[in-house]
file work-v4.txt (compact mmCIF, C-alpha atoms)
# COMPACT_ATOMS: atom_id res chain seq x y z
CA MET M 1 39.49 155.39 156.19
CA PRO M 2 40.61 157.54 153.26
CA PHE M 3 44.19 158.73 153.03
CA ASN M 4 43.91 162.44 153.85
CA ILE M 5 46.18 164.75 151.93
CA ALA M 6 46.65 168.51 151.79
CA ILE M 7 47.84 170.28 148.65
CA LEU M 8 50.00 173.40 148.94
CA ALA M 9 50.06 175.50 145.79
CA SER M 10 51.00 178.94 144.51
CA GLY M 11 49.96 178.94 140.87
CA ASN M 12 47.71 177.56 138.21
CA GLY M 13 47.25 174.23 139.97
CA THR M 14 47.64 171.81 137.07
CA ASN M 15 49.27 169.24 139.32
CA ALA M 16 46.53 169.71 141.91
CA GLN M 17 44.11 169.08 139.03
CA ALA M 18 45.94 165.85 138.15
CA MET M 19 45.36 164.63 141.74
CA ILE M 20 41.68 165.65 141.60
CA ASP M 21 41.25 163.80 138.28
CA LYS M 22 42.99 160.59 139.39
CA ILE M 23 40.85 160.51 142.54
CA ALA M 24 37.68 161.10 140.50
CA ALA M 25 38.70 158.32 138.10
CA GLY M 26 39.04 155.90 141.02
CA PHE M 27 42.77 155.23 140.64
CA LEU M 28 44.11 157.38 143.48
CA ASP M 29 42.82 156.28 146.89
CA ALA M 30 43.12 159.61 148.63
CA HIS M 31 40.94 162.41 149.92
CA ILE M 32 42.01 166.01 149.46
CA ALA M 33 41.16 167.36 152.88
CA LEU M 34 42.47 170.85 152.19
CA VAL M 35 44.04 173.02 149.53
CA ILE M 36 46.19 175.89 150.78
CA CYS M 37 47.26 178.66 148.45
CA ASN M 38 49.65 181.45 149.42
CA ARG M 39 48.80 183.68 146.45
CA PRO M 40 45.40 185.36 146.29
CA GLY M 41 44.02 185.07 142.75
CA ALA M 42 46.00 181.96 141.79
CA GLY M 43 44.29 179.56 139.37
CA VAL M 44 44.39 176.68 141.84
CA ILE M 45 41.72 178.44 143.95
CA THR M 46 39.18 178.21 141.12
CA ARG M 47 40.11 174.59 140.44
CA ALA M 48 39.57 173.66 144.10
CA ALA M 49 36.22 175.47 144.15
CA LYS M 50 35.07 173.67 140.98
CA ALA M 51 35.98 170.33 142.56
CA GLY M 52 34.12 171.23 145.76
CA LEU M 53 37.29 171.16 147.85
CA PRO M 54 37.97 173.39 150.85
CA CYS M 55 40.59 175.95 149.85
CA LEU M 56 42.31 178.24 152.30
CA VAL M 57 44.00 181.31 150.84
CA LEU M 58 46.74 182.31 153.23
CA ASP M 59 48.79 185.22 151.95
CA HIS M 60 52.32 184.83 153.28
CA LYS M 61 52.77 188.61 153.06
CA ALA M 62 50.36 188.93 155.97
CA PHE M 63 52.75 187.05 158.28
CA PRO M 64 55.78 188.55 160.02
CA ASP M 65 58.16 185.75 158.97
CA ARG M 66 58.43 182.35 157.32
CA GLU M 67 58.35 180.45 160.60
CA SER M 68 55.09 181.97 161.79
CA TYR M 69 53.55 181.29 158.39
CA ASP M 70 54.76 177.68 158.41
CA LEU M 71 53.47 177.12 161.95
CA ARG M 72 50.06 178.28 160.77
CA LEU M 73 50.30 175.79 157.87
CA VAL M 74 51.02 172.98 160.32
CA GLU M 75 48.05 174.03 162.44
CA GLU M 76 45.71 174.03 159.42
CA LEU M 77 47.04 170.68 158.18
CA HIS M 78 46.48 169.17 161.62
CA LYS M 79 42.94 170.54 161.78
CA ALA M 80 42.22 168.99 158.37
CA GLY M 81 43.70 165.67 159.48
CA ALA M 82 46.26 165.71 156.64
CA GLU M 83 48.65 162.77 156.72
CA LEU M 84 50.62 164.03 153.74
CA ALA M 85 51.46 167.48 152.40
CA VAL M 86 51.72 167.57 148.63
CA LEU M 87 53.59 170.58 147.23
CA ALA M 88 52.12 171.37 143.83
CA GLY M 89 53.83 174.41 142.40
CA TYR M 90 54.29 175.78 145.92
CA MET M 91 57.00 178.37 145.43
CA ARG M 92 58.25 178.76 149.01
CA PRO M 93 60.94 176.69 150.77
CA LEU M 94 59.60 175.01 153.91
CA SER M 95 61.23 175.95 157.20
CA ALA M 96 62.43 173.62 159.92
CA ALA M 97 59.27 174.65 161.83
CA PHE M 98 57.20 172.82 159.23
CA LEU M 99 59.54 169.89 158.69
CA GLN M 100 59.87 169.12 162.40
CA THR M 101 56.25 168.02 162.27
CA TYR M 102 55.88 166.80 158.70
CA ARG M 103 59.31 165.35 157.90
CA GLY M 104 58.87 162.28 155.72
CA ARG M 105 55.29 163.37 155.02
CA VAL M 106 55.92 166.20 152.56
CA ILE M 107 56.60 165.55 148.90
CA ASN M 108 57.50 167.79 146.01
CA LEU M 109 57.77 167.60 142.24
CA HIS M 110 60.73 168.99 140.30
CA PRO M 111 60.78 169.51 136.51
CA ALA M 112 64.20 167.89 135.92
CA LEU M 113 66.04 164.67 136.66
CA LEU M 114 67.52 165.65 140.01
CA PRO M 115 70.32 166.19 140.97
CA SER M 116 70.57 167.83 137.53
CA PHE M 117 69.10 171.34 137.30
CA PRO M 118 67.78 172.07 140.80
CA GLY M 119 66.25 175.47 141.51
CA VAL M 120 63.42 177.35 139.87
CA HIS M 121 64.62 177.12 136.25
CA GLY M 122 64.75 173.35 135.71
CA GLY M 123 63.48 173.60 132.14
CA SER M 124 65.54 176.50 130.80
CA ASP M 125 68.67 175.27 132.59
CA ALA M 126 68.34 171.88 130.86
CA LEU M 127 67.96 173.59 127.47
CA ALA M 128 70.94 175.88 128.16
CA TYR M 129 73.12 172.88 129.06
CA GLY M 130 72.05 171.01 125.95
CA VAL M 131 71.10 167.69 127.57
CA LYS M 132 69.33 165.20 125.33
CA ILE M 133 67.28 163.69 128.17
CA SER M 134 65.57 165.60 130.97
CA GLY M 135 62.48 164.71 132.96
CA CYS M 136 60.85 165.13 136.33
CA THR M 137 61.33 163.90 139.89
CA VAL M 138 59.03 163.31 142.86
CA HIS M 139 60.96 163.46 146.13
CA PHE M 140 60.54 163.83 149.86
CA VAL M 141 61.20 167.37 151.04
CA GLU M 142 64.13 168.28 153.26
CA GLU M 143 65.41 171.66 154.46
CA LYS M 144 67.81 171.89 151.55
CA VAL M 145 65.72 172.61 148.44
CA ASP M 146 65.45 169.85 145.78
CA SER M 147 67.64 167.46 147.74
CA GLY M 148 65.41 164.90 149.47
CA PRO M 149 65.13 161.15 148.79
CA VAL M 150 63.75 160.34 145.34
CA ILE M 151 60.47 158.39 144.97
CA ILE M 152 59.97 158.25 141.20
CA GLN M 153 61.49 159.83 138.11
CA ALA M 154 60.42 160.08 134.49
CA ALA M 155 62.76 160.75 131.58
CA VAL M 156 61.71 162.71 128.50
CA PRO M 157 63.58 163.60 125.31
CA VAL M 158 64.84 167.13 124.69
CA ILE M 159 64.69 168.28 121.08
CA ALA M 160 67.59 170.41 119.87
CA GLY M 161 66.34 173.93 119.23
CA GLU M 162 62.96 173.59 120.91
CA SER M 163 61.48 176.29 123.14
CA GLU M 164 61.24 176.07 126.91
CA GLU M 165 57.46 175.98 126.55
CA SER M 166 57.66 172.98 124.24
CA LEU M 167 59.98 171.07 126.59
CA MET M 168 57.93 171.96 129.67
CA GLN M 169 54.75 170.72 128.02
CA ARG M 170 56.36 167.32 127.54
CA ILE M 171 57.63 167.31 131.14
CA HIS M 172 54.28 168.44 132.58
CA LYS M 173 52.51 165.51 130.89
CA MET M 174 54.75 163.10 132.78
CA GLU M 175 54.44 165.10 136.02
CA HIS M 176 50.68 164.66 135.90
CA ARG M 177 51.22 160.89 135.85
CA ILE M 178 54.12 160.30 138.24
CA TYR M 179 52.92 162.64 140.99
CA PRO M 180 49.52 160.96 141.56
CA GLN M 181 51.31 157.60 141.27
CA ALA M 182 53.69 158.56 144.09
CA VAL M 183 50.75 159.63 146.29
CA GLN M 184 49.00 156.34 145.56
CA TRP M 185 52.08 154.41 146.73
CA LEU M 186 52.10 156.46 149.94
CA SER M 187 48.37 155.86 150.35
CA GLN M 188 49.02 152.14 150.03
CA GLY M 189 51.85 152.32 152.57
CA ARG M 190 54.24 150.81 150.05
CA LEU M 191 57.15 153.26 150.42
CA SER M 192 59.98 153.00 152.94
CA VAL M 193 63.08 155.15 153.25
CA GLU M 194 66.51 153.85 154.25
CA GLY M 195 69.06 156.63 154.27
CA ARG M 196 68.62 158.28 150.90
CA GLU M 197 67.04 155.26 149.28
CA VAL M 198 63.29 155.01 148.78
CA ARG M 199 62.06 151.45 148.41
CA LEU M 200 58.75 150.50 146.83
CA ALA M 201 57.18 147.29 148.09
CA ALA M 202 56.31 144.90 145.24
CA SER M 203 58.39 146.84 142.74
CA PRO M 204 59.12 144.94 139.55
CA THR M 205 62.60 144.26 138.23
CA PRO M 206 63.43 145.90 134.92
CA PRO M 207 63.07 143.77 131.80
CA PRO M 208 66.35 142.11 130.80
CA SER M 209 66.33 143.57 127.31
CA PRO M 210 66.18 147.32 126.95
CA ASP M 211 65.04 147.26 123.33
CA GLY M 212 62.67 150.12 122.89
CA HIS M 213 61.86 150.20 126.57
CA TRP M 214 64.42 152.44 128.20
CA LEU M 215 64.88 155.85 126.70
CA VAL M 216 67.65 156.77 124.29
CA TRP M 217 67.67 160.21 122.72
CA PRO M 218 68.15 160.86 119.83
CA PRO M 219 66.78 157.38 119.12
CA LEU M 220 69.13 154.63 118.02
CA GLU M 221 69.03 153.80 114.34
CA GLU M 222 69.03 150.34 112.77
CA GLY M 223 71.92 148.15 113.90
CA PHE M 224 72.70 150.06 117.11
CA MET A 1 87.21 156.98 101.88
CA PRO A 2 86.68 155.38 105.27
CA PHE A 3 86.18 157.59 108.33
CA ASN A 4 89.44 157.13 110.23
CA ILE A 5 89.19 157.03 113.99
CA ALA A 6 91.66 156.47 116.80
CA ILE A 7 90.64 154.90 120.10
CA LEU A 8 92.34 155.99 123.32
CA ALA A 9 91.92 153.52 126.16
CA SER A 10 93.34 152.64 129.57
CA GLY A 11 91.51 149.49 130.58
CA ASN A 12 89.64 146.41 129.51
CA GLY A 13 88.45 147.94 126.26
CA THR A 14 84.82 146.82 126.20
CA ASN A 15 83.76 150.05 124.47
CA ALA A 16 86.60 149.65 121.96
CA GLN A 17 85.22 146.14 121.40
CA ALA A 18 81.75 147.57 120.78
CA MET A 19 83.22 149.76 118.02
CA ILE A 20 85.10 146.80 116.53
CA ASP A 21 81.93 144.69 116.54
CA LYS A 22 79.68 147.36 114.97
CA ILE A 23 82.24 147.91 112.22
CA ALA A 24 82.51 144.14 111.61
CA ALA A 25 78.72 143.88 111.49
CA GLY A 26 78.62 146.55 108.79
CA PHE A 27 76.66 149.15 110.76
CA LEU A 28 79.46 151.54 111.69
CA ASP A 29 81.15 153.07 108.65
CA ALA A 30 84.52 153.74 110.24
CA HIS A 31 88.05 152.40 110.20
CA ILE A 32 90.00 152.12 113.43
CA ALA A 33 93.35 153.47 112.23
CA LEU A 34 95.01 153.22 115.64
CA VAL A 35 94.43 152.14 119.23
CA ILE A 36 96.54 153.91 121.84
CA CYS A 37 96.75 152.57 125.37
CA ASN A 38 98.55 154.35 128.20
CA ARG A 39 98.65 151.32 130.51
CA PRO A 40 100.91 148.38 129.63
CA GLY A 41 99.04 145.14 130.22
CA ALA A 42 95.55 146.59 129.79
CA GLY A 43 92.94 144.27 128.27
CA VAL A 44 92.32 146.58 125.32
CA ILE A 45 95.76 145.66 123.92
CA THR A 46 94.73 142.01 123.51
CA ARG A 47 91.39 143.01 122.00
CA ALA A 48 93.13 145.22 119.40
CA ALA A 49 95.58 142.43 118.55
CA LYS A 50 92.76 139.91 118.10
CA ALA A 51 91.01 142.32 115.75
CA GLY A 52 94.22 142.87 113.78
CA LEU A 53 94.36 146.57 114.70
CA PRO A 54 97.56 148.54 115.23
CA CYS A 55 97.90 149.24 118.93
CA LEU A 56 100.46 151.61 120.37
CA VAL A 57 101.22 151.23 124.07
CA LEU A 58 102.48 154.57 125.30
CA ASP A 59 103.12 154.59 129.04
CA HIS A 60 102.42 158.11 130.31
CA LYS A 61 104.89 157.49 133.16
CA ALA A 62 107.72 157.58 130.62
CA PHE A 63 106.90 161.22 129.77
CA PRO A 64 108.01 164.25 131.80
CA ASP A 65 104.55 165.89 131.86
CA ARG A 66 101.01 165.70 130.51
CA GLU A 67 101.68 168.20 127.74
CA SER A 68 104.59 166.30 126.24
CA TYR A 69 102.53 163.09 126.40
CA ASP A 70 99.55 164.76 124.73
CA LEU A 71 101.71 166.27 121.98
CA ARG A 72 102.97 162.77 121.24
CA LEU A 73 99.36 161.58 121.06
CA VAL A 74 98.55 164.30 118.54
CA GLU A 75 101.61 163.31 116.48
CA GLU A 76 100.57 159.66 116.43
CA LEU A 77 96.97 160.50 115.57
CA HIS A 78 98.14 162.67 112.69
CA LYS A 79 100.41 159.93 111.38
CA ALA A 80 97.49 157.51 111.50
CA GLY A 81 95.25 160.00 109.71
CA ALA A 82 92.70 159.96 112.53
CA GLU A 83 89.83 162.38 112.00
CA LEU A 84 88.27 161.58 115.37
CA ALA A 85 89.66 160.57 118.76
CA VAL A 86 87.35 158.26 120.67
CA LEU A 87 88.06 158.07 124.40
CA ALA A 88 87.07 154.61 125.57
CA GLY A 89 87.82 154.27 129.24
CA TYR A 90 90.78 156.61 128.83
CA MET A 91 91.45 157.69 132.40
CA ARG A 92 93.46 160.87 131.80
CA PRO A 93 92.13 164.41 131.27
CA LEU A 94 93.26 165.86 127.94
CA SER A 95 95.39 169.01 128.05
CA ALA A 96 94.96 172.17 126.00
CA ALA A 97 97.90 170.91 123.93
CA PHE A 98 95.70 168.07 122.65
CA LEU A 99 92.47 170.05 122.39
CA GLN A 100 94.05 172.89 120.39
CA THR A 101 94.41 170.42 117.54
CA TYR A 102 91.49 168.07 118.14
CA ARG A 103 88.79 170.34 119.60
CA GLY A 104 85.42 169.22 118.29
CA ARG A 105 86.98 165.94 117.16
CA VAL A 106 87.33 164.17 120.52
CA ILE A 107 84.42 162.41 122.15
CA ASN A 108 83.98 160.68 125.48
CA LEU A 109 81.48 158.44 127.20
CA HIS A 110 80.32 159.01 130.78
CA PRO A 111 78.39 156.44 132.86
CA ALA A 112 75.70 158.85 134.12
CA LEU A 113 73.20 161.36 132.77
CA LEU A 114 75.43 164.43 132.81
CA PRO A 115 75.45 166.96 134.40
CA SER A 116 74.48 164.54 137.20
CA PHE A 117 77.37 162.57 138.71
CA PRO A 118 80.44 163.78 136.85
CA GLY A 119 83.86 162.42 137.82
CA VAL A 120 85.19 158.90 138.10
CA HIS A 121 82.41 157.43 140.29
CA GLY A 122 79.32 157.96 138.15
CA GLY A 123 77.79 154.63 139.16
CA SER A 124 78.37 154.65 142.91
CA ASP A 125 77.50 158.35 143.18
CA ALA A 126 74.13 157.67 141.52
CA LEU A 127 73.44 154.82 143.95
CA ALA A 128 74.50 156.94 146.94
CA TYR A 129 72.15 159.74 145.87
CA GLY A 130 69.29 157.32 145.40
CA VAL A 131 68.19 158.40 141.92
CA LYS A 132 65.64 156.17 140.18
CA ILE A 133 66.96 156.87 136.69
CA SER A 134 70.59 157.07 135.67
CA GLY A 135 72.20 156.35 132.33
CA CYS A 136 75.09 157.29 130.09
CA THR A 137 76.19 160.23 127.97
CA VAL A 138 78.33 160.65 124.87
CA HIS A 139 79.76 164.17 124.65
CA PHE A 140 82.43 166.24 122.97
CA VAL A 141 85.48 166.75 125.17
CA GLU A 142 86.48 170.14 126.52
CA GLU A 143 89.19 171.17 128.99
CA LYS A 144 86.78 170.91 131.90
CA VAL A 145 86.15 167.21 132.51
CA ASP A 146 82.65 165.84 131.73
CA SER A 147 81.34 169.22 130.59
CA GLY A 148 81.31 169.27 126.77
CA PRO A 149 78.28 169.43 124.44
CA VAL A 150 76.08 166.32 124.64
CA ILE A 151 75.57 164.14 121.55
CA ILE A 152 73.36 161.32 122.84
CA GLN A 153 72.11 160.04 126.20
CA ALA A 154 70.47 156.83 127.34
CA ALA A 155 68.40 156.49 130.50
CA VAL A 156 68.33 153.27 132.55
CA PRO A 157 66.41 152.36 135.69
CA VAL A 158 68.17 152.11 139.05
CA ILE A 159 66.86 149.37 141.35
CA ALA A 160 66.68 150.23 145.06
CA GLY A 161 69.26 148.15 146.91
CA GLU A 162 71.18 146.88 143.90
CA SER A 163 74.98 146.71 143.78
CA GLU A 164 77.16 149.07 141.80
CA GLU A 165 78.17 146.12 139.61
CA SER A 166 74.54 145.38 138.80
CA LEU A 167 73.79 149.00 137.87
CA MET A 168 76.99 149.35 135.85
CA GLN A 169 76.17 146.23 133.85
CA ARG A 170 72.88 147.81 132.79
CA ILE A 171 74.62 151.09 131.93
CA HIS A 172 77.42 149.38 130.00
CA LYS A 173 74.89 147.61 127.77
CA MET A 174 73.54 150.97 126.67
CA GLU A 175 77.04 152.47 126.35
CA HIS A 176 77.92 149.76 123.84
CA ARG A 177 74.99 150.90 121.71
CA ILE A 178 75.03 154.70 121.99
CA TYR A 179 78.79 155.16 121.58
CA PRO A 180 79.07 153.44 118.16
CA GLN A 181 75.85 155.24 117.15
CA ALA A 182 77.45 158.61 117.96
CA VAL A 183 80.54 157.70 115.92
CA GLN A 184 78.33 156.66 113.01
CA TRP A 185 76.58 160.06 113.07
CA LEU A 186 80.00 161.75 112.99
CA SER A 187 81.08 159.46 110.16
CA GLN A 188 77.97 160.50 108.23
CA GLY A 189 78.68 164.19 108.90
CA ARG A 190 75.25 164.58 110.49
CA LEU A 191 76.26 166.42 113.70
CA SER A 192 76.63 170.17 114.10
CA VAL A 193 77.31 172.15 117.26
CA GLU A 194 75.82 175.57 118.02
CA GLY A 195 76.98 176.84 121.38
CA ARG A 196 76.29 173.94 123.70
CA GLU A 197 73.66 172.37 121.49
CA VAL A 198 74.45 169.40 119.30
CA ARG A 199 72.06 169.02 116.38
CA LEU A 200 71.55 165.79 114.47
CA ALA A 201 70.52 166.16 110.85
CA ALA A 202 67.38 164.15 110.04
CA SER A 203 66.57 163.61 113.73
CA PRO A 204 63.02 162.43 114.34
CA THR A 205 60.54 164.22 116.57
CA PRO A 206 59.46 162.31 119.65
CA PRO A 207 56.17 160.42 119.43
CA PRO A 208 53.25 162.49 120.73
CA SER A 209 52.18 159.87 123.27
CA PRO A 210 54.73 158.77 125.82
CA ASP A 211 52.91 155.56 126.72
CA GLY A 212 55.52 152.97 127.40
CA HIS A 213 58.08 154.77 125.30
CA TRP A 214 59.81 157.22 127.56
CA LEU A 215 61.21 155.82 130.77
CA VAL A 216 59.47 156.05 134.13
CA TRP A 217 61.00 154.31 137.12
CA PRO A 218 59.57 152.62 139.12
CA PRO A 219 57.09 151.90 136.32
CA LEU A 220 53.64 153.45 136.42
CA GLU A 221 50.85 151.13 137.48
CA GLU A 222 47.41 150.82 135.92
CA GLY A 223 45.53 154.09 135.72
CA PHE A 224 48.56 156.41 135.99
call {"tool": "encode", "arguments": {"input": "work-v4.txt", "output": "structure tokens"}}
result
Amino acid sequence: MPFNIAILASGNGTNAQAMIDKIAAGFLDAHIALVICNRPGAGVITRAAKAGLPCLVLDHKAFPDRESYDLRLVEELHKAGAELAVLAGYMRPLSAAFLQTYRGRVINLHPALLPSFPGVHGGSDALAYGVKISGCTVHFVEEKVDSGPVIIQAAVPVIAGESEESLMQRIHKMEHRIYPQAVQWLSQGRLSVEGREVRLAASPTPPPSPDGHWLVWPPLEEGF
Amino acid sequence: MPFNIAILASGNGTNAQAMIDKIAAGFLDAHIALVICNRPGAGVITRAAKAGLPCLVLDHKAFPDRESYDLRLVEELHKAGAELAVLAGYMRPLSAAFLQTYRGRVINLHPALLPSFPGVHGGSDALAYGVKISGCTVHFVEEKVDSGPVIIQAAVPVIAGESEESLMQRIHKMEHRIYPQAVQWLSQGRLSVEGREVRLAASPTPPPSPDGHWLVWPPLEEGF
């Protein structure tokens, strides 16, 4: 039995593509049962078509309110047999109507080390603050945006003076690795949630010496 | 001419010790002209004595208000010829009276990746949130606590279920490396601040491939 997932997207679909690629490469044991896109013309629609995946374009503007739209999403996910909803650049908060059914089975990706820089400007907010380390976060979705229990995070350096595009490129590269990894752990049934804490079965302990392994930015020089 | 620094501390003084050790090892080109401690009996007093450093114990309770205490600090730092004030577990916010004189020449260390988890419970707040990556931050001090421009950050993994003591041990190890490194950069005159951005002269660019270099936690498994 494959692990059936649905991808919800609004944009170009690069994270959807990362899932497609990791499945094709045999590392991610999942089947994309459905792609749903709320924006007609978005790039993710072409990507789904190229991969031979069913893609439903459901324009939210055609629905009277968020709840009726979200109930339709739930209906489509049920029909497709989706056990997990993967938000991949899906730019709409999910209502309680959706979460009542899919709570604990919806995950999202955020381009910052939450709880730093929540919201839709994770990259530019990090640059404006002047942090030296930012990153990305995969988390379970709750009603409050960017607040759910954290599954995996990746840290990346921020270069003083760089553009948002340059930083986001570095973050996206890690997103395309940690997001499929998180889905694989869910596919394997290795994640459990206690309160706000997500535990991974058979997780390693960190190496005792951090030399060169954990991230310091700017890098330490000789003797430090 | 040595780079004269003063260390302000309230507690055990492990970060003061890290400075002492890096100077003794010949990596940190600085001279600790004065240690000031606001708590009689604090461990840092013994550490300073053992290292043969002048240590002034100035109990803040003997002063009528924060401003008069801080003006005395400024006076003592001037007398000692301190070009930089290094807060090392100094548990009092600095007033405008201090910052008027030492703005841009006071640095602090925070046991979290700011702006996440400011305040006095950086470790336990990170555990309560359930982040997978935390760390520590060296920053310039401004009136608003834990808000000044960031000089260097280190990321460390957080293990699901671990104690605060266990996490803090991992963070402290990195603190003892990044804090002396930040002082060394200041000693070398290599830091400049533009708005909120701290630039390091002769800073490297990050390696193009993140494999194993930047931090992901829990670690990626084969294929991701």
call {"tool": "residues_around", "arguments": {"input": "work-v4.txt", "residues": "M:Arg196", "least_positions_apart": "5", "cutoff": "10 Å", "atoms": "all atoms listed in the file", "output": "PyMOL selection string"}}
result
(chain M and resi 140+147-150) or (chain A and resi 127-131)
call {"tool": "write_last_selection", "arguments": {"input": "work-v4.txt", "atoms": "C-alpha atoms", "output": "PDB file, keeping the file's coordinate frame"}}
result
ATOM      1  CA  PHE M 140      60.540 163.830 149.860  1.00  0.00           C
ATOM      2  CA  SER M 147      67.640 167.460 147.740  1.00  0.00           C
ATOM      3  CA  GLY M 148      65.410 164.900 149.470  1.00  0.00           C
ATOM      4  CA  PRO M 149      65.130 161.150 148.790  1.00  0.00           C
ATOM      5  CA  VAL M 150      63.750 160.340 145.340  1.00  0.00           C
TER       6      VAL M 150
ATOM      7  CA  LEU A 127      73.440 154.820 143.950  1.00  0.00           C
ATOM      8  CA  ALA A 128      74.500 156.940 146.940  1.00  0.00           C
ATOM      9  CA  TYR A 129      72.150 159.740 145.870  1.00  0.00           C
ATOM     10  CA  GLY A 130      69.290 157.320 145.400  1.00  0.00           C
ATOM     11  CA  VAL A 131      68.190 158.400 141.920  1.00  0.00           C
TER      12      VAL A 131
END
call {"tool": "residues_around", "arguments": {"input": "work-v4.txt", "residues": "A:Leu84", "least_positions_apart": "5", "cutoff": "9 Å", "atoms": "only C-alpha atoms", "output": "PyMOL selection string"}}
result
chain A and resi 3-7+77+102+104-107+183+186
call {"tool": "atom_distance", "arguments": {"input": "work-v4.txt", "atom1": "atom CA of A:Met174", "atom2": "atom CA of A:Ala24"}}
result
18.8 Å
call {"tool": "interface_residues", "arguments": {"input": "work-v4.txt", "of": "chain A", "to": "chain M", "cutoff": "8 Å", "atoms": "all atoms listed in the file", "output": "PyMOL selection string"}}
result
chain A and resi 22+27+113-116+128-133+149-157+159-161+177-178+180-181+196-199+203-206+212-224
call {"tool": "axis_aligned_box", "arguments": {"input": "work-v4.txt", "around": "stretch 30-47 of chain A", "padding_each_side": "4 Å", "output": "JSON"}}
result
{"center_x": 92.7, "center_y": 148.2, "center_z": 120.4, "size_x": 24.4, "size_y": 20.3, "size_z": 28.3}
call {"tool": "closest_residue", "arguments": {"input": "work-v4.txt", "among": "M:Asp146, M:Glu83, M:Asp65, M:Asp70", "to": "M:His110", "atoms": "all atoms listed in the file"}}
result
M:Asp146
call {"tool": "atom_distance", "arguments": {"input": "work-v4.txt", "atom1": "atom CA of A:Arg66", "atom2": "atom CA of A:Ser95"}}
result
7.0 Å
call {"tool": "closest_residue", "arguments": {"input": "work-v4.txt", "among": "M:Leu71, M:Val86, M:Ile36, M:Ala49", "to": "M:Met19", "atoms": "only C-alpha atoms"}}
result
M:Val86
call {"tool": "residues_around", "arguments": {"input": "work-v4.txt", "residues": "M:Gly43", "least_positions_apart": "6", "cutoff": "7 Å", "atoms": "all atoms listed in the file", "output": "MDAnalysis selection string"}}
result
chainID M and resid 11:13
call {"tool": "write_last_selection", "arguments": {"input": "work-v4.txt", "atoms": "C-alpha atoms", "output": "PDB file, in the frame of the given file"}}
result
ATOM      1  CA  GLY M  11      49.960 178.940 140.870  1.00  0.00           C
ATOM      2  CA  ASN M  12      47.710 177.560 138.210  1.00  0.00           C
ATOM      3  CA  GLY M  13      47.250 174.230 139.970  1.00  0.00           C
TER       4      GLY M  13
END
call {"tool": "atom_distance", "arguments": {"input": "work-v4.txt", "atom1": "atom CA of M:Gln188", "atom2": "atom CA of M:Met1"}}
result
11.8 Å
call {"tool": "residues_around", "arguments": {"input": "work-v4.txt", "residues": "A:Pro2", "least_positions_apart": "6", "cutoff": "8 Å", "atoms": "all atoms listed in the file", "output": "number ranges by chain"}}
result
A: 29-31
call {"tool": "closest_residue", "arguments": {"input": "work-v4.txt", "among": "A:Thr14, A:Val120, A:Gly189, A:Cys55", "to": "A:His172", "atoms": "all atoms listed in the file"}}
result
A:Thr14
call {"tool": "residues_near_point", "arguments": {"input": "work-v4.txt", "point": "(63.0, 174.2, 157.9)", "cutoff": "10 Å", "atoms": "only C-alpha atoms", "output": "mmCIF file with C-alpha atoms, in the frame of the given file"}}
result
data_model
loop_
_atom_site.group_PDB
_atom_site.id
_atom_site.type_symbol
_atom_site.label_atom_id
_atom_site.label_comp_id
_atom_site.auth_asym_id
_atom_site.auth_seq_id
_atom_site.Cartn_x
_atom_site.Cartn_y
_atom_site.Cartn_z
ATOM 1 C CA ARG M 66 58.430 182.350 157.320
ATOM 2 C CA GLU M 67 58.350 180.450 160.600
ATOM 3 C CA ASP M 70 54.760 177.680 158.410
ATOM 4 C CA PRO M 93 60.940 176.690 150.770
ATOM 5 C CA LEU M 94 59.600 175.010 153.910
ATOM 6 C CA SER M 95 61.230 175.950 157.200
ATOM 7 C CA ALA M 96 62.430 173.620 159.920
ATOM 8 C CA ALA M 97 59.270 174.650 161.830
ATOM 9 C CA PHE M 98 57.200 172.820 159.230
ATOM 10 C CA LEU M 99 59.540 169.890 158.690
ATOM 11 C CA GLN M 100 59.870 169.120 162.400
ATOM 12 C CA ARG M 103 59.310 165.350 157.900
ATOM 13 C CA VAL M 141 61.200 167.370 151.040
ATOM 14 C CA GLU M 142 64.130 168.280 153.260
ATOM 15 C CA GLU M 143 65.410 171.660 154.460
ATOM 16 C CA LYS M 144 67.810 171.890 151.550
ATOM 17 C CA VAL M 145 65.720 172.610 148.440
#
call {"tool": "residues_around", "arguments": {"input": "work-v4.txt", "residues": "A:Asn38", "least_positions_apart": "4", "cutoff": "9 Å", "atoms": "all atoms listed in the file", "output": "VMD selection string"}}
result
chain A and resid 8 to 11 42 56 to 61 90 to 91
call {"tool": "build_atoms", "arguments": {"input": "work-v4.txt", "residues": "stretch 76-80 of chain A", "atoms": "N, CA and C atoms", "output": "short mmCIF file (atom, residue, chain, number, x, y, z; two decimals), in the frame of the given file"}}
result
data_model
loop_
_atom_site.label_atom_id
_atom_site.label_comp_id
_atom_site.auth_asym_id
_atom_site.auth_seq_id
_atom_site.Cartn_x
_atom_site.Cartn_y
_atom_site.Cartn_z
N GLU A 76 100.93 161.02 116.86
CA GLU A 76 100.57 159.66 116.43
C GLU A 76 99.22 159.64 115.72
N LEU A 77 98.29 160.44 116.21
CA LEU A 77 96.97 160.50 115.57
C LEU A 77 97.08 161.08 114.17
N HIS A 78 97.91 162.09 114.01
CA HIS A 78 98.14 162.67 112.69
C HIS A 78 98.73 161.64 111.74
N LYS A 79 99.75 160.94 112.23
CA LYS A 79 100.41 159.93 111.38
C LYS A 79 99.41 158.88 110.92
N ALA A 80 98.48 158.53 111.83
CA ALA A 80 97.49 157.51 111.50
C ALA A 80 96.34 158.07 110.66
#
